[in-house]
Amino acid sequence: MLRGGCIFDPRQPEDGVRISVMSRHTELDGTTPDPRIIDGISYDEHWKVLAPPASLVGRWHRGELGALNKDTFDNKFTPAYLKHLEQDDAKSTVETLGKRALREDITVLCYEPSPKPGDILLCHRNLLIAHCAEITEGLEYKIQ
């Protein structure tokens with residue numbers, strides 16, 4: 001089973017292996033280590049290659065792709081992130097993730113909060129899960 005979660009959420013039994021798919025574990029300034037993110041407690045493994053490129057994240061948060069809304073996320077952020085996932089290192093890592101998730105429970109993590117019922121989550125972890133499910137036959141997964 002492959003699912004997503006917020007790195008700040010407490011560990012749950014169904015999480016299995018918790019893999020951070022964040023480029024860095026810092027506060028919003030991008031340099032100060034976030035004291036809430038603790039190796040072995042918040043996450044088990046850190047797969048940076050599955051994080052969106054820093055330039056894409058920066059352009060998104062600065063509003064350079066357009067308004068921070070679902071339309072911009074779907075039409076600008078999503079294609080750029082999926083293109084990143086098709087590059088060599090990321091592509092082989094996505095394949096590894098899918099094969100591994102066939103054998104064990106995995107939760108991919110980033111800093112976006114887990115959505116409340118009815119909320120729309122504009123987050124790369126759902127894109128990653130959906131992409132992984134597309135290329136991994138028989139993968140059970142949960143999108144938030």
# chains A, B, ... in the order shown; residues from 1 in each chain; ligands from 1
call {"tool": "residues_around", "arguments": {"residues": "A:Cys132", "least_positions_apart": "6", "cutoff": "8 Å", "atoms": "only C-alpha atoms", "output": "compact mmCIF listing (two decimals) with C-alpha atoms, in the first residue's frame"}}
result
# COMPACT_ATOMS: atom_id res chain seq x y z
CA VAL A 94 9.65 5.91 -8.78
CA GLU A 95 9.90 2.39 -10.21
CA LEU A 97 9.08 2.90 -4.86
CA GLY A 98 6.25 1.15 -6.69
call {"tool": "residues_around", "arguments": {"residues": "A:Leu85", "least_positions_apart": "4", "cutoff": "8 Å", "atoms": "only C-alpha atoms", "output": "ChimeraX atom specification"}}
result
/A:50,81,90-91,94
call {"tool": "closest_atom_pairs", "arguments": {"of": "stretch 102-129 of chain A", "to": "stretch 5-17 of chain A", "cutoff": "8 Å", "atoms": "only C-alpha atoms", "output": "Markdown table"}}
result
| residue | atom | partner | partner_atom | distance |
| --- | --- | --- | --- | --- |
| A:Glu104 | CA | A:Gly16 | CA | 7.0 |
| A:Asp105 | CA | A:Gly16 | CA | 4.6 |
| A:Ile106 | CA | A:Val17 | CA | 4.8 |
| A:Thr107 | CA | A:Asp15 | CA | 5.3 |
| A:Val108 | CA | A:Gly5 | CA | 6.2 |
| A:Leu109 | CA | A:Gly5 | CA | 5.0 |
| A:Cys110 | CA | A:Ile7 | CA | 5.4 |
| A:Tyr111 | CA | A:Cys6 | CA | 5.4 |
| A:Glu112 | CA | A:Cys6 | CA | 5.8 |
| A:Pro113 | CA | A:Cys6 | CA | 5.3 |
| A:Ser114 | CA | A:Cys6 | CA | 5.6 |
call {"tool": "select_by_dssp", "arguments": {"residues": "chain A", "states": "strand (DSSP E)", "output": "PyMOL selection string"}}
result
chain A and resi 2-6+17-20+45-46+106-110+141-142
call {"tool": "select_by_dssp", "arguments": {"residues": "chain A", "states": "helix (DSSP H, G or I)", "output": "PyMOL selection string"}}
result
chain A and resi 13-15+48-50+54-61+70-85+88-103+124-135
call {"tool": "atom_distance", "arguments": {"atom1": "atom CA of A:Lys48", "atom2": "atom CA of A:Glu134"}}
result
21.0 Å
call {"tool": "residues_around", "arguments": {"residues": "A:Leu139", "least_positions_apart": "6", "cutoff": "8 Å", "atoms": "only C-alpha atoms", "output": "MDAnalysis selection string"}}
result
chainID A and resid 1:2 98 101:102 133
call {"tool": "write_last_selection", "arguments": {"atoms": "C-alpha atoms", "output": "compact mmCIF listing (two decimals), in the first residue's frame"}}
result
# COMPACT_ATOMS: atom_id res chain seq x y z
CA MET A 1 0.00 0.00 0.00
CA LEU A 2 1.25 3.45 -0.90
CA GLY A 98 6.25 1.15 -6.69
CA ALA A 101 5.08 -0.66 -2.09
CA LEU A 102 3.80 -3.93 -3.55
CA ALA A 133 0.23 3.69 -9.40
call {"tool": "closest_residue", "arguments": {"among": "A:Leu82, A:Asp119, A:His61, A:Gln144", "to": "A:His131", "atoms": "only C-alpha atoms"}}
result
A:Leu82
call {"tool": "residues_around", "arguments": {"residues": "A:Pro35", "least_positions_apart": "4", "cutoff": "10 Å", "atoms": "only C-alpha atoms", "output": "VMD selection string"}}
result
chain A and resid 25 to 27
call {"tool": "closest_residue", "arguments": {"among": "A:Thr136, A:Thr78, A:Ser20, A:Asn69", "to": "A:Lys99", "atoms": "only C-alpha atoms"}}
result
A:Thr136
call {"tool": "closest_residue", "arguments": {"among": "A:Ala67, A:Ile19, A:Ile135, A:Arg103", "to": "A:Tyr43", "atoms": "only C-alpha atoms"}}
result
A:Ile19
call {"tool": "atom_distance", "arguments": {"atom1": "atom CA of A:Asn126", "atom2": "atom CA of A:Leu28"}}
result
21.1 Å
call {"tool": "atom_distance", "arguments": {"atom1": "atom CA of A:Ile120", "atom2": "atom CA of A:Arg18"}}
result
22.3 Å
call {"tool": "decode", "arguments": {"residues": "stretch 32-60 of chain A", "atoms": "N, CA and C atoms", "output": "compact mmCIF listing (two decimals), in the first residue's frame"}}
result
# COMPACT_ATOMS: atom_id res chain seq x y z
N THR A 32 17.31 27.19 7.79
CA THR A 32 17.27 26.81 9.21
C THR A 32 16.67 25.42 9.35
N PRO A 33 17.40 24.47 9.93
CA PRO A 33 16.83 23.13 10.13
C PRO A 33 15.54 23.21 10.95
N ASP A 34 14.52 22.49 10.51
CA ASP A 34 13.25 22.47 11.23
C ASP A 34 13.38 21.48 12.39
N PRO A 35 13.31 21.96 13.63
CA PRO A 35 13.51 21.08 14.78
C PRO A 35 12.42 20.03 14.96
N ARG A 36 11.29 20.21 14.26
CA ARG A 36 10.19 19.24 14.37
C ARG A 36 10.42 18.00 13.51
N ILE A 37 11.36 18.10 12.56
CA ILE A 37 11.62 16.99 11.63
C ILE A 37 12.85 16.24 12.12
N ILE A 38 12.60 15.02 12.62
CA ILE A 38 13.67 14.25 13.27
C ILE A 38 13.83 12.91 12.56
N ASP A 39 15.04 12.67 12.07
CA ASP A 39 15.36 11.41 11.41
C ASP A 39 15.07 10.25 12.37
N GLY A 40 14.33 9.24 11.87
CA GLY A 40 14.01 8.08 12.70
C GLY A 40 12.73 8.25 13.50
N ILE A 41 12.26 9.47 13.64
CA ILE A 41 11.00 9.71 14.36
C ILE A 41 9.96 10.25 13.37
N SER A 42 10.27 11.36 12.71
CA SER A 42 9.36 11.95 11.73
C SER A 42 9.34 11.13 10.45
N TYR A 43 10.49 10.57 10.09
CA TYR A 43 10.61 9.80 8.86
C TYR A 43 11.69 8.73 9.04
N ASP A 44 11.62 7.70 8.18
CA ASP A 44 12.60 6.62 8.22
C ASP A 44 13.67 6.78 7.14
N GLU A 45 13.25 7.26 5.98
CA GLU A 45 14.16 7.41 4.85
C GLU A 45 13.88 8.75 4.17
N HIS A 46 14.89 9.28 3.48
CA HIS A 46 14.76 10.57 2.80
C HIS A 46 15.16 10.38 1.34
N TRP A 47 14.18 10.48 0.45
CA TRP A 47 14.41 10.30 -0.99
C TRP A 47 14.24 11.65 -1.68
N LYS A 48 15.28 12.45 -1.64
CA LYS A 48 15.25 13.82 -2.18
C LYS A 48 14.92 13.86 -3.67
N VAL A 49 15.33 12.85 -4.41
CA VAL A 49 15.14 12.86 -5.85
C VAL A 49 13.66 12.92 -6.24
N LEU A 50 12.77 12.53 -5.34
CA LEU A 50 11.33 12.57 -5.63
C LEU A 50 10.68 13.89 -5.22
N ALA A 51 11.47 14.79 -4.66
CA ALA A 51 10.96 16.13 -4.34
C ALA A 51 10.88 16.94 -5.64
N PRO A 52 9.97 17.89 -5.71
CA PRO A 52 9.97 18.77 -6.87
C PRO A 52 11.29 19.56 -6.90
N PRO A 53 11.77 19.89 -8.09
CA PRO A 53 12.98 20.71 -8.17
C PRO A 53 12.79 22.02 -7.39
N ALA A 54 13.86 22.46 -6.73
CA ALA A 54 13.78 23.69 -5.91
C ALA A 54 13.29 24.88 -6.72
N SER A 55 13.69 24.97 -7.97
CA SER A 55 13.26 26.10 -8.80
C SER A 55 11.75 26.07 -9.02
N LEU A 56 11.18 24.89 -9.19
CA LEU A 56 9.72 24.77 -9.37
C LEU A 56 8.98 25.15 -8.09
N VAL A 57 9.46 24.67 -6.97
CA VAL A 57 8.84 25.01 -5.68
C VAL A 57 8.90 26.52 -5.44
N GLY A 58 10.05 27.10 -5.71
CA GLY A 58 10.21 28.55 -5.53
C GLY A 58 9.26 29.34 -6.41
N ARG A 59 9.17 28.95 -7.69
CA ARG A 59 8.27 29.65 -8.61
C ARG A 59 6.82 29.51 -8.16
N TRP A 60 6.46 28.33 -7.66
CA TRP A 60 5.08 28.10 -7.17
C TRP A 60 4.79 29.01 -5.99
